[in-house]
>>> print(open('model06.cif').read())   # mmCIF, C-alpha atoms
data_input
#
loop_
_atom_site.label_atom_id
_atom_site.label_comp_id
_atom_site.auth_asym_id
_atom_site.auth_seq_id
_atom_site.Cartn_x
_atom_site.Cartn_y
_atom_site.Cartn_z
CA MET K 15 0.00 0.00 0.00
CA THR K 16 1.25 3.48 -0.87
CA MET K 17 0.92 6.53 1.38
CA LEU K 18 -1.68 8.02 -0.97
CA GLN K 19 -3.80 4.88 -0.80
CA GLY K 20 -3.44 4.93 2.99
CA PHE K 21 -4.84 8.47 3.14
CA GLN K 22 -7.70 7.58 0.78
CA ILE K 23 -8.70 4.61 2.96
CA ALA K 24 -8.37 6.79 6.07
CA LEU K 25 -10.68 9.50 4.65
CA HIS K 26 -13.25 6.83 3.71
CA ALA K 27 -13.13 5.34 7.22
CA LEU K 28 -13.52 8.76 8.87
CA ARG K 29 -16.52 9.62 6.67
CA LEU K 30 -18.33 6.55 7.99
CA ASN K 31 -18.34 8.07 11.53
CA PRO K 32 -18.36 11.88 10.99
CA LEU K 33 -19.58 12.87 14.46
CA ARG K 34 -17.01 10.69 16.22
CA SER K 35 -14.28 12.06 13.93
CA ILE K 36 -15.26 15.66 14.71
CA LEU K 37 -15.34 15.07 18.46
CA THR K 38 -11.98 13.29 18.25
CA MET K 39 -10.42 16.28 16.45
CA LEU K 40 -11.78 18.78 18.96
CA GLY K 41 -8.74 18.70 21.26
CA ILE K 42 -6.41 19.26 18.32
CA VAL K 43 -8.58 22.13 17.02
CA ILE K 44 -8.60 23.88 20.40
CA GLY K 45 -4.87 23.38 20.93
CA VAL K 46 -3.82 24.66 17.50
CA ALA K 47 -6.26 27.60 17.63
CA SER K 48 -4.91 28.57 21.07
CA ILE K 49 -1.29 28.44 19.91
CA VAL K 50 -1.98 30.55 16.81
CA THR K 51 -3.97 33.13 18.82
CA VAL K 52 -1.39 33.44 21.59
CA PHE K 53 1.44 33.83 19.09
CA ALA K 54 -0.52 36.44 17.12
CA ILE K 55 -1.34 38.54 20.19
CA GLY K 56 2.19 38.18 21.62
CA ALA K 57 3.80 39.12 18.30
CA GLY K 58 1.47 42.12 18.02
CA ALA K 59 2.44 43.31 21.51
CA GLN K 60 6.12 43.02 20.62
CA VAL K 61 5.56 44.98 17.38
CA ARG K 62 3.90 47.77 19.36
CA LEU K 63 6.75 47.87 21.89
CA GLN K 64 9.32 48.00 19.10
CA GLU K 65 7.47 50.93 17.56
CA GLN K 66 7.47 52.71 20.92
CA ILE K 67 11.19 52.09 21.37
CA ARG K 68 11.89 53.48 17.89
CA SER K 69 9.65 56.48 18.56
CA ILE K 70 11.57 57.42 21.70
CA GLY K 71 14.92 57.40 19.91
CA THR K 72 18.19 55.57 20.48
CA ASN K 73 20.42 56.02 23.55
CA VAL K 74 17.91 58.26 25.34
CA LEU K 75 17.80 58.89 29.08
CA MET K 76 14.72 60.43 30.71
CA ILE K 77 14.97 62.43 33.93
CA THR K 78 11.71 62.93 35.81
CA PRO K 79 10.83 64.40 39.23
CA GLY K 80 11.00 61.99 42.14
CA ALA K 81 9.25 61.90 45.50
CA VAL K 82 9.83 64.95 47.74
CA VAL K 83 9.16 65.72 51.39
CA GLN K 84 7.27 68.95 52.05
CA GLY K 85 6.21 70.04 55.53
CA GLY K 86 7.08 66.60 56.87
CA VAL K 87 4.79 64.93 54.32
CA ARG K 88 6.23 62.72 51.58
CA LEU K 89 4.60 63.65 48.28
CA LYS K 90 4.27 61.18 45.44
CA GLU K 91 6.55 61.28 42.43
CA GLY K 92 5.85 64.13 40.01
CA THR K 93 3.76 66.16 42.47
CA LYS K 94 6.41 68.89 42.52
CA LEU K 95 8.56 69.80 39.53
CA THR K 96 12.12 69.55 40.80
CA MET K 97 13.84 69.79 37.40
CA THR K 98 14.85 73.14 35.90
CA GLU K 99 16.16 74.61 32.65
CA SER K 100 19.44 75.31 34.39
CA ASP K 101 19.71 71.55 35.09
CA VAL K 102 19.45 70.97 31.34
CA GLN K 103 22.20 73.47 30.67
CA ALA K 104 24.44 71.94 33.35
CA ILE K 105 23.97 68.44 31.88
CA LEU K 106 24.93 69.72 28.42
CA GLU K 107 27.99 71.61 29.66
CA GLN K 108 29.39 69.22 32.27
CA ILE K 109 28.74 65.72 30.90
CA PRO K 110 30.70 65.15 27.68
CA GLU K 111 28.83 61.92 26.79
CA ILE K 112 25.60 63.89 26.26
CA GLN K 113 25.05 64.98 22.66
CA ALA K 114 21.78 66.84 23.18
CA ALA K 115 19.28 67.50 25.96
CA ALA K 116 15.99 69.30 26.36
CA GLY K 117 13.52 70.13 29.09
CA SER K 118 9.77 70.02 28.46
CA ILE K 119 6.40 70.74 30.01
CA ALA K 120 3.13 69.39 28.65
CA GLY K 121 -0.61 69.76 28.91
CA THR K 122 -3.72 69.33 26.76
CA ALA K 123 -5.71 71.95 24.89
CA GLN K 124 -8.03 72.48 21.95
CA VAL K 125 -6.25 73.40 18.72
CA ILE K 126 -8.34 75.36 16.20
CA HIS K 127 -7.88 76.11 12.51
CA GLU K 128 -10.75 77.84 10.75
CA SER K 129 -13.78 75.53 11.19
CA LYS K 130 -11.79 72.51 12.39
CA ASN K 131 -10.59 71.77 15.91
CA TRP K 132 -8.77 68.97 17.66
CA ASN K 133 -7.92 68.22 21.29
CA THR K 134 -4.27 67.29 21.61
CA THR K 135 -1.16 67.39 23.78
CA ILE K 136 0.68 70.72 23.89
CA ASN K 137 4.38 70.20 24.54
CA GLY K 138 6.58 73.16 25.38
CA THR K 139 10.20 72.35 24.58
CA THR K 140 13.33 73.36 22.67
CA THR K 141 14.82 72.22 19.38
CA GLY K 142 17.07 69.87 21.36
CA HIS K 143 13.98 67.70 21.96
CA PHE K 144 13.83 66.75 18.28
CA MET K 145 17.58 66.08 18.17
CA VAL K 146 17.33 63.73 21.16
CA ARG K 147 14.45 61.78 19.63
CA ASP K 148 15.82 61.76 16.08
CA TRP K 149 12.54 63.29 14.96
CA GLN K 150 12.74 64.70 11.44
CA LEU K 151 10.47 67.21 9.74
CA SER K 152 8.31 66.30 6.78
CA SER K 153 8.09 70.01 5.94
CA GLY K 154 9.01 73.42 7.39
CA ARG K 155 11.65 74.13 10.02
CA TYR K 156 12.40 73.89 13.74
CA PHE K 157 12.23 76.78 16.21
CA SER K 158 14.84 79.52 15.85
CA GLY K 159 16.95 80.73 18.76
CA ALA K 160 15.09 84.04 18.80
CA GLU K 161 11.73 82.26 18.97
CA GLU K 162 12.87 80.08 21.87
CA ALA K 163 14.28 83.05 23.80
CA GLY K 164 11.45 85.47 23.07
CA ALA K 165 8.38 83.22 23.48
CA GLY K 166 7.65 83.24 19.75
CA LYS K 167 4.11 82.52 18.60
CA VAL K 168 5.07 79.50 16.50
CA VAL K 169 4.09 75.83 16.55
CA ILE K 170 5.31 72.52 15.08
CA LEU K 171 2.56 69.98 14.48
CA GLY K 172 2.64 66.21 14.77
CA SER K 173 1.37 64.43 11.67
CA THR K 174 -1.94 63.44 13.33
CA VAL K 175 -2.76 67.03 14.32
CA ALA K 176 -1.82 68.30 10.84
CA ARG K 177 -4.10 65.70 9.27
CA GLU K 178 -7.04 66.61 11.52
CA LEU K 179 -6.75 70.38 11.04
CA PHE K 180 -5.89 70.62 7.34
CA ALA K 181 -7.53 69.13 4.28
CA PRO K 182 -5.51 66.74 2.08
CA GLY K 183 -3.34 68.76 -0.28
CA ASP K 184 -3.32 71.88 1.93
CA ASP K 185 0.09 73.13 3.07
CA PRO K 186 0.05 73.84 6.84
CA ILE K 187 3.32 75.81 6.74
CA GLY K 188 2.61 79.48 7.33
CA ALA K 189 -1.02 78.88 8.34
CA GLN K 190 -2.45 80.38 11.53
CA ILE K 191 -3.93 78.18 14.26
CA ARG K 192 -5.20 79.04 17.74
CA ILE K 193 -4.40 77.38 21.05
CA MET K 194 -6.34 78.76 24.02
CA LYS K 195 -7.19 81.86 21.93
CA VAL K 196 -3.52 82.52 21.21
CA PRO K 197 -2.75 82.77 17.46
CA LEU K 198 0.29 80.76 16.37
CA GLU K 199 2.04 80.31 13.04
CA VAL K 200 2.72 76.75 11.88
CA VAL K 201 6.42 76.59 11.04
CA GLY K 202 6.89 72.82 10.77
CA VAL K 203 5.18 69.43 10.45
CA LEU K 204 6.91 66.35 11.86
CA ASP K 205 7.42 62.97 10.25
CA HIS K 206 5.30 60.03 11.37
CA LYS K 207 6.55 58.46 14.61
CA GLY K 208 3.64 56.26 15.63
CA PRO K 209 -0.07 56.74 16.44
CA SER K 210 0.57 57.48 20.11
CA GLN K 211 3.42 59.90 19.31
CA ASP K 212 2.02 61.95 16.44
CA ASP K 213 -0.94 63.45 18.30
CA VAL K 214 1.00 66.44 19.67
CA ALA K 215 1.75 70.11 18.97
CA PHE K 216 5.12 71.58 20.00
CA VAL K 217 5.64 75.21 20.99
CA PRO K 218 8.78 76.89 22.37
CA LEU K 219 9.25 76.23 26.09
CA THR K 220 9.07 79.92 26.96
CA THR K 221 5.84 80.27 24.96
CA ALA K 222 4.24 77.37 26.83
CA LYS K 223 5.16 78.84 30.20
CA LEU K 224 4.07 82.40 29.46
CA ARG K 225 0.92 81.74 27.45
CA PHE K 226 -0.43 78.23 28.16
CA LEU K 227 0.91 76.23 31.09
CA GLY K 228 2.56 78.78 33.36
CA SER K 229 -0.54 79.28 35.48
CA ALA K 230 -0.19 75.81 37.01
CA SER K 231 0.76 75.98 40.67
CA ASN K 232 3.81 73.74 40.31
CA ILE K 233 5.34 75.53 37.30
CA ASN K 234 7.61 78.57 37.62
CA ARG K 235 9.80 80.43 35.15
CA ASP K 236 12.61 77.85 35.39
CA SER K 237 10.72 74.57 35.95
CA VAL K 238 10.43 71.71 33.48
CA ALA K 239 8.31 68.58 33.85
CA TYR K 240 10.99 66.25 32.52
CA ILE K 241 14.35 66.23 30.75
CA ILE K 242 15.46 63.94 27.94
CA ALA K 243 19.11 63.51 27.03
CA LYS K 244 20.81 61.70 24.16
CA VAL K 245 23.98 59.74 24.89
CA ALA K 246 26.64 59.53 22.17
CA ALA K 247 27.03 55.72 22.16
CA ASP K 248 25.46 52.55 23.61
CA GLY K 249 28.48 51.78 25.73
CA GLN K 250 28.28 55.15 27.47
CA MET K 251 24.71 54.82 28.75
CA ALA K 252 25.57 53.50 32.23
CA GLY K 253 28.39 56.02 32.74
CA ALA K 254 26.27 58.95 31.56
CA ARG K 255 23.44 57.90 33.84
CA THR K 256 25.77 57.78 36.86
CA GLU K 257 27.24 61.19 36.01
CA ILE K 258 23.78 62.75 35.62
CA GLU K 259 22.70 61.36 38.99
CA SER K 260 25.85 62.68 40.67
CA LEU K 261 25.52 66.11 39.04
CA LEU K 262 21.84 66.52 39.96
CA ARG K 263 22.37 65.35 43.54
CA GLN K 264 25.00 68.05 43.85
CA ARG K 265 22.84 70.73 42.21
CA HIS K 266 19.73 69.81 44.22
CA ARG K 267 21.72 69.59 47.46
CA VAL K 268 20.65 66.03 48.18
CA LEU K 269 22.53 64.87 51.27
CA ALA K 270 24.10 61.44 51.68
CA GLY K 271 21.46 58.93 52.71
CA GLN K 272 18.59 61.07 51.42
CA GLU K 273 16.34 59.92 48.60
CA ASP K 274 16.90 61.61 45.24
CA ASP K 275 14.22 64.11 44.20
CA PHE K 276 14.57 62.90 40.61
CA LYS K 277 14.69 59.64 38.64
CA VAL K 278 16.96 58.82 35.72
CA GLN K 279 15.47 56.13 33.50
CA ASP K 280 16.36 54.35 30.28
CA PRO K 281 12.93 53.98 28.56
CA ALA K 282 14.25 51.72 25.80
CA ALA K 283 15.83 49.33 28.32
CA ALA K 284 12.61 49.24 30.34
CA MET K 285 10.58 48.48 27.22
CA GLU K 286 13.01 45.77 26.14
CA ALA K 287 12.65 44.18 29.59
CA GLN K 288 8.88 44.39 29.15
CA GLN K 289 9.28 42.77 25.74
CA GLY K 290 11.16 39.88 27.36
CA ALA K 291 8.36 39.52 29.90
CA ILE K 292 5.79 39.40 27.09
CA ARG K 293 7.77 36.66 25.35
CA THR K 294 7.95 34.67 28.58
CA VAL K 295 4.20 34.97 29.20
CA ALA K 296 3.48 34.04 25.57
CA LEU K 297 5.62 30.91 25.84
CA LEU K 298 3.89 30.01 29.10
CA LEU K 299 0.48 30.36 27.45
CA VAL K 300 1.68 28.26 24.50
CA ALA K 301 2.79 25.57 26.95
CA ILE K 302 -0.66 25.65 28.55
CA ALA K 303 -2.32 25.52 25.11
CA SER K 304 -0.14 22.52 24.25
CA VAL K 305 -1.97 20.60 26.97
CA SER K 306 -5.00 20.66 24.65
CA LEU K 307 -2.88 18.96 22.00
CA LEU K 308 -1.87 16.34 24.55
CA VAL K 309 -5.49 15.77 25.51
CA GLY K 310 -6.41 15.63 21.83
CA GLY K 311 -3.66 13.09 21.21
CA ILE K 312 -4.90 10.88 24.03
CA SER K 313 -8.42 11.13 22.64
CA ILE K 314 -7.16 10.09 19.20
CA MET K 315 -5.33 7.11 20.70
CA ASN K 316 -8.46 5.97 22.55
CA VAL K 317 -10.67 6.30 19.47
CA MET K 318 -8.12 4.52 17.28
CA ILE K 319 -7.90 1.62 19.75
CA VAL K 320 -11.70 1.35 19.67
CA SER K 321 -11.59 1.52 15.88
CA VAL K 322 -9.03 -1.32 15.74
CA THR K 323 -11.28 -3.42 17.97
CA GLU K 324 -14.36 -2.70 15.85
CA ARG K 325 -12.54 -3.50 12.59
CA THR K 326 -10.69 -6.63 13.69
CA ARG K 327 -12.46 -8.79 11.08
CA GLU K 328 -11.63 -6.21 8.36
CA ILE K 329 -7.98 -6.41 9.40
CA GLY K 330 -8.13 -10.22 9.19
CA ILE K 331 -9.58 -10.08 5.67
CA ARG K 332 -6.88 -7.62 4.54
CA ARG K 333 -4.16 -9.85 5.96
CA ALA K 334 -5.73 -12.96 4.33
CA LEU K 335 -5.75 -11.20 0.94
CA GLY K 336 -2.02 -10.48 1.18
CA GLY K 337 -1.88 -7.32 3.23
CA ARG K 338 1.41 -7.01 5.07
CA MET K 339 1.87 -5.90 8.65
CA ARG K 340 3.33 -2.58 7.50
CA ASP K 341 0.29 -2.01 5.24
CA ILE K 342 -2.06 -2.40 8.20
CA ARG K 343 0.17 -0.17 10.33
CA LEU K 344 0.26 2.47 7.58
CA GLN K 345 -3.52 2.37 7.19
CA PHE K 346 -4.26 3.18 10.82
CA LEU K 347 -1.36 5.61 11.14
CA CYS K 348 -2.75 7.51 8.14
CA GLU K 349 -6.12 7.71 9.89
CA ALA K 350 -4.50 9.31 12.95
CA LEU K 351 -2.56 11.73 10.74
CA VAL K 352 -5.67 12.72 8.80
CA LEU K 353 -7.51 13.43 12.05
CA CYS K 354 -4.64 15.63 13.28
CA LEU K 355 -4.13 17.40 9.94
CA LEU K 356 -7.82 18.21 9.58
CA GLY K 357 -7.97 19.32 13.21
CA GLY K 358 -4.83 21.41 12.72
CA ALA K 359 -6.21 23.09 9.59
CA ILE K 360 -9.50 23.92 11.32
CA GLY K 361 -7.56 25.13 14.35
CA VAL K 362 -5.41 27.47 12.21
CA VAL K 363 -8.50 29.01 10.61
CA GLY K 364 -10.11 29.35 14.03
CA GLY K 365 -6.97 30.85 15.57
CA VAL K 366 -6.57 33.44 12.82
CA THR K 367 -10.26 34.35 13.06
CA LEU K 368 -10.13 34.58 16.85
CA SER K 369 -6.98 36.75 16.87
CA MET K 370 -8.49 39.14 14.30
CA THR K 371 -11.71 39.32 16.32
CA VAL K 372 -9.80 40.07 19.53
CA ALA K 373 -7.77 42.75 17.73
CA ARG K 374 -10.92 44.41 16.38
CA MET K 375 -12.89 44.30 19.64
CA ALA K 376 -10.08 45.17 22.07
CA GLY K 377 -8.14 47.53 19.80
CA TRP K 378 -4.97 45.44 20.09
CA ILE K 379 -2.36 44.88 17.42
CA THR K 380 -2.04 41.26 16.29
CA SER K 381 0.54 39.84 13.93
CA ILE K 382 -0.23 36.55 12.17
CA ASP K 383 3.09 34.76 11.98
CA SER K 384 3.50 32.06 9.32
CA GLU K 385 6.12 30.40 11.52
CA ALA K 386 3.59 30.10 14.35
CA ILE K 387 1.09 28.50 11.97
CA ALA K 388 3.73 26.09 10.69
CA LEU K 389 4.77 25.26 14.26
CA ALA K 390 1.17 24.53 15.26
CA LEU K 391 0.69 22.24 12.26
CA VAL K 392 3.96 20.42 13.00
CA PHE K 393 2.81 19.90 16.59
CA SER K 394 -0.46 18.42 15.36
CA ILE K 395 1.35 16.08 12.94
CA VAL K 396 3.78 14.94 15.63
CA THR K 397 0.82 14.36 17.95
CA GLY K 398 -0.81 12.15 15.31
CA LEU K 399 2.38 10.15 14.80
CA ILE K 400 3.03 9.64 18.51
CA PHE K 401 -0.49 8.79 19.63
CA GLY K 402 -1.47 6.96 16.46
CA PHE K 403 1.52 4.63 16.41
CA TYR K 404 0.44 2.34 19.25
CA PRO K 405 -3.06 1.55 17.86
CA ALA K 406 -1.57 1.11 14.36
CA HIS K 407 1.13 -1.17 15.69
CA LYS K 408 -1.45 -3.14 17.70
CA ALA K 409 -3.57 -3.61 14.55
CA SER K 410 -0.57 -4.82 12.53
CA LYS K 411 0.24 -7.45 15.16
CA LEU K 412 -3.18 -9.13 15.01
CA SER K 413 -3.12 -12.74 13.83
CA PRO K 414 -5.09 -13.14 10.55
CA ILE K 415 -6.69 -16.39 11.73
CA GLU K 416 -7.77 -14.99 15.11
CA ALA K 417 -8.97 -11.78 13.44
CA LEU K 418 -11.15 -13.70 10.96
CA LYS K 419 -12.79 -15.59 13.84
CA THR K 420 -14.02 -12.31 15.33
CA GLU K 421 -17.74 -11.68 14.86
#
>>> encode(input="model06.cif", output="structure tokens")
Amino acid sequence: MTMLQGFQIALHALRLNPLRSILTMLGIVIGVASIVTVFAIGAGAQVRLQEQIRSIGTNVLMITPGAVVQGGVRLKEGTKLTMTESDVQAILEQIPEIQAAAGSIAGTAQVIHESKNWNTTINGTTTGHFMVRDWQLSSGRYFSGAEEAGAGKVVILGSTVARELFAPGDDPIGAQIRIMKVPLEVVGVLDHKGPSQDDVAFVPLTTAKLRFLGSASNINRDSVAYIIAKVAADGQMAGARTEIESLLRQRHRVLAGQEDDFKVQDPAAAMEAQQGAIRTVALLLVAIASVSLLVGGISIMNVMIVSVTERTREIGIRRALGGRMRDIRLQFLCEALVLCLLGGAIGVVGGVTLSMTVARMAGWITSIDSEAIALALVFSIVTGLIFGFYPAHKASKLSPIEALKTE
């Protein structure tokens, strides 16, 4: 018997008991669908994290306010702005590993252009911010030194804001928009960085303080909400971080044993660690989903043993007509493989459908990986071979004479 004939006989045998065949495949279907879905969601989460890492920029350190004690009460992190513009200048002047640095403050406001409006983040910063984040312009220019020093009424738009305020084909450069009733000239539009990054409008730091965000109780003429700094090379990240911490402790008069009133973080490193955690969880979920394949394999073995028992006389007739032991073994092994292949194919379709449904309903990113699909199908085939071998081997060992005596 050839392999093709074995599969033909197997399909005929499975069609005789369709309900039993479907129930037998159920474990394989669930297992494969679970593996495909978990891989798709995990891969989508990693894609989103990679986009966020790229959007931040390479070799970037972020300095944010830490917890402070005021009037004997310990305030939570970020309650008081402890970073200043002079801290930015000191970092640039005294730490040679730093290529660029910028302080920023941010808030939200309605941006208006003619009859269109959009609620977005307003970020007050300097041109150094774009250098740190490797953020290029799609059109226009950055802020000039005079505009940064003199609170110029200019704005640089993220691509999302530009799209919402201007019709396709319109050139935003030179147009007038209003933020909190203040007229501003659009001098630049930024390249796409990612959906969560592009919904922003940048104004000079002095403009933000004087016209938009300076009324907040925790903002004064020198305060910034956070500082970002770009390190020249990967190998200098740890050293630059230590030097920044030492410099700021000295500038903020933090005594030995006292908690820093700032935090220096490496966002990319934190996200990469999160990416590793996502991979670990995904592998754990795949291992759990593989239990379904194991259960499905056991179910296939049980059904195949029952099938061998039911078809003992058929086996005897095949042997009496010249069928060899390997032919009988191949016949039943092909039945197990067909069950697993059909279950695997249905499981792949179900997994892809489920992952797309989850993505649409929950707003997640999913990435259908062909390698994950191939891996799931290989698992199902291996399951069929392992759990189908014993019943097939048992059938091949039956004595023709004893088999023919079976009623």
>>> closest_atom_pairs(input="model06.cif", of="stretch 96-199 of chain K", to="stretch 257-276 of chain K", cutoff="9 Å", atoms="all atoms listed in the file", output="tab-separated table")
residue	atom	partner	partner_atom	distance
K:Thr96	CA	K:Asp275	CA	6.8
K:Met97	CA	K:Phe276	CA	7.6
K:Asp101	CA	K:Leu262	CA	7.3
K:Ala104	CA	K:Leu261	CA	8.2
K:Ile105	CA	K:Ile258	CA	6.8
K:Gln108	CA	K:Leu261	CA	8.4
K:Ile109	CA	K:Glu257	CA	7.0
>>> closest_residue(input="model06.cif", among="K:Glu178, K:Ser173, K:Phe393, K:Leu198", to="K:Ala301", atoms="only C-alpha atoms")
K:Phe393
>>> atom_distance(input="model06.cif", atom1="atom CA of K:Ser100", atom2="atom CA of K:Asp248")
25.9 Å
>>> residues_around(input="model06.cif", residues="K:Tyr240", least_positions_apart="5", cutoff="6 Å", atoms="all atoms listed in the file", output="NGL selection string")
:K and (77-78 or 117-118)
>>> axis_aligned_box(input="model06.cif", around="stretch 136-151 of chain K", padding_each_side="5 Å", output="JSON")
{"center_x": 9.1, "center_y": 67.6, "center_z": 17.6, "size_x": 26.9, "size_y": 21.6, "size_z": 25.6}
>>> closest_residue(input="model06.cif", among="K:Thr326, K:Asn31, K:Thr221, K:Thr122", to="K:Lys167", atoms="only C-alpha atoms")
K:Thr221
>>> resolve_selection(input="model06.cif", expression="the PyMOL selection byres ((chain K and resi 245) around 6)", output="list in words")
Asn73, Glu111, Ile112, Gln113, Lys244, Ala246 and Ala247 of chain K
>>> resolve_selection(input="model06.cif", expression="the PyMOL selection byres ((chain K and resi 369) around 12)", output="PyMOL selection string")
chain K and resi 47-58+361-368+370-383
>>> write_last_selection(input="model06.cif", atoms="C-alpha atoms", output="PDB file, keeping the file's coordinate frame")
ATOM      1  CA  ALA K  47      -6.260  27.600  17.630  1.00  0.00           C
ATOM      2  CA  SER K  48      -4.910  28.570  21.070  1.00  0.00           C
ATOM      3  CA  ILE K  49      -1.290  28.440  19.910  1.00  0.00           C
ATOM      4  CA  VAL K  50      -1.980  30.550  16.810  1.00  0.00           C
ATOM      5  CA  THR K  51      -3.970  33.130  18.820  1.00  0.00           C
ATOM      6  CA  VAL K  52      -1.390  33.440  21.590  1.00  0.00           C
ATOM      7  CA  PHE K  53       1.440  33.830  19.090  1.00  0.00           C
ATOM      8  CA  ALA K  54      -0.520  36.440  17.120  1.00  0.00           C
ATOM      9  CA  ILE K  55      -1.340  38.540  20.190  1.00  0.00           C
ATOM     10  CA  GLY K  56       2.190  38.180  21.620  1.00  0.00           C
ATOM     11  CA  ALA K  57       3.800  39.120  18.300  1.00  0.00           C
ATOM     12  CA  GLY K  58       1.470  42.120  18.020  1.00  0.00           C
ATOM     13  CA  GLY K 361      -7.560  25.130  14.350  1.00  0.00           C
ATOM     14  CA  VAL K 362      -5.410  27.470  12.210  1.00  0.00           C
ATOM     15  CA  VAL K 363      -8.500  29.010  10.610  1.00  0.00           C
ATOM     16  CA  GLY K 364     -10.110  29.350  14.030  1.00  0.00           C
ATOM     17  CA  GLY K 365      -6.970  30.850  15.570  1.00  0.00           C
ATOM     18  CA  VAL K 366      -6.570  33.440  12.820  1.00  0.00           C
ATOM     19  CA  THR K 367     -10.260  34.350  13.060  1.00  0.00           C
ATOM     20  CA  LEU K 368     -10.130  34.580  16.850  1.00  0.00           C
ATOM     21  CA  MET K 370      -8.490  39.140  14.300  1.00  0.00           C
ATOM     22  CA  THR K 371     -11.710  39.320  16.320  1.00  0.00           C
ATOM     23  CA  VAL K 372      -9.800  40.070  19.530  1.00  0.00           C
ATOM     24  CA  ALA K 373      -7.770  42.750  17.730  1.00  0.00           C
ATOM     25  CA  ARG K 374     -10.920  44.410  16.380  1.00  0.00           C
ATOM     26  CA  MET K 375     -12.890  44.300  19.640  1.00  0.00           C
ATOM     27  CA  ALA K 376     -10.080  45.170  22.070  1.00  0.00           C
ATOM     28  CA  GLY K 377      -8.140  47.530  19.800  1.00  0.00           C
ATOM     29  CA  TRP K 378      -4.970  45.440  20.090  1.00  0.00           C
ATOM     30  CA  ILE K 379      -2.360  44.880  17.420  1.00  0.00           C
ATOM     31  CA  THR K 380      -2.040  41.260  16.290  1.00  0.00           C
ATOM     32  CA  SER K 381       0.540  39.840  13.930  1.00  0.00           C
ATOM     33  CA  ILE K 382      -0.230  36.550  12.170  1.00  0.00           C
ATOM     34  CA  ASP K 383       3.090  34.760  11.980  1.00  0.00           C
TER      35      ASP K 383
END
>>> residues_around(input="model06.cif", residues="stretch 314-325 of chain K", least_positions_apart="3", cutoff="6 Å", atoms="all atoms listed in the file", output="PyMOL selection string")
chain K and resi 38+311+328+401-402+405
>>> resolve_selection(input="model06.cif", expression="the PyMOL selection byres ((chain K and resi 149-164) around 6)", output="PyMOL selection string")
chain K and resi 144+147-148+165-166+201-205+218
>>> residues_around(input="model06.cif", residues="K:Leu308", least_positions_apart="4", cutoff="12 Å", atoms="only C-alpha atoms", output="list of chain:residue names")
K:Met39, K:Leu40, K:Gly41, K:Ile42, K:Val43, K:Ile44, K:Gly45, K:Val46, K:Ala301, K:Ile302, K:Ala303, K:Ser304, K:Ile312, K:Ser313, K:Ile314, K:Met315, K:Cys354, K:Phe393, K:Ser394, K:Val396, K:Thr397, K:Gly398, K:Ile400, K:Phe401
>>> closest_residue(input="model06.cif", among="K:Leu353, K:Ala390, K:Val146, K:Ala296", to="K:Ile36", atoms="all atoms listed in the file")
K:Leu353
>>> atom_distance(input="model06.cif", atom1="atom CA of K:Leu351", atom2="atom CA of K:Arg29")
14.7 Å
>>> atom_distance(input="model06.cif", atom1="atom CA of K:Gln19", atom2="atom CA of K:Glu416")
25.8 Å
>>> residues_around(input="model06.cif", residues="K:Ala123", least_positions_apart="6", cutoff="7 Å", atoms="only C-alpha atoms", output="list in words")
Asn133, Thr134, Thr135, Ile136, Ile193 and Met194 of chain K
>>> closest_residue(input="model06.cif", among="K:Leu335, K:Cys348, K:Val392, K:Leu399", to="K:Leu418", atoms="all atoms listed in the file")
K:Leu335
>>> residues_near_point(input="model06.cif", point="(-1.3, 3.3, 10.9)", cutoff="8 Å", atoms="all atoms listed in the file", output="PyMOL selection string")
chain K and resi 341-350+402-403+405-407
>>> closest_residue(input="model06.cif", among="K:Ile395, K:Val214, K:Ala334, K:Ala24", to="K:Ala359", atoms="all atoms listed in the file")
K:Ile395
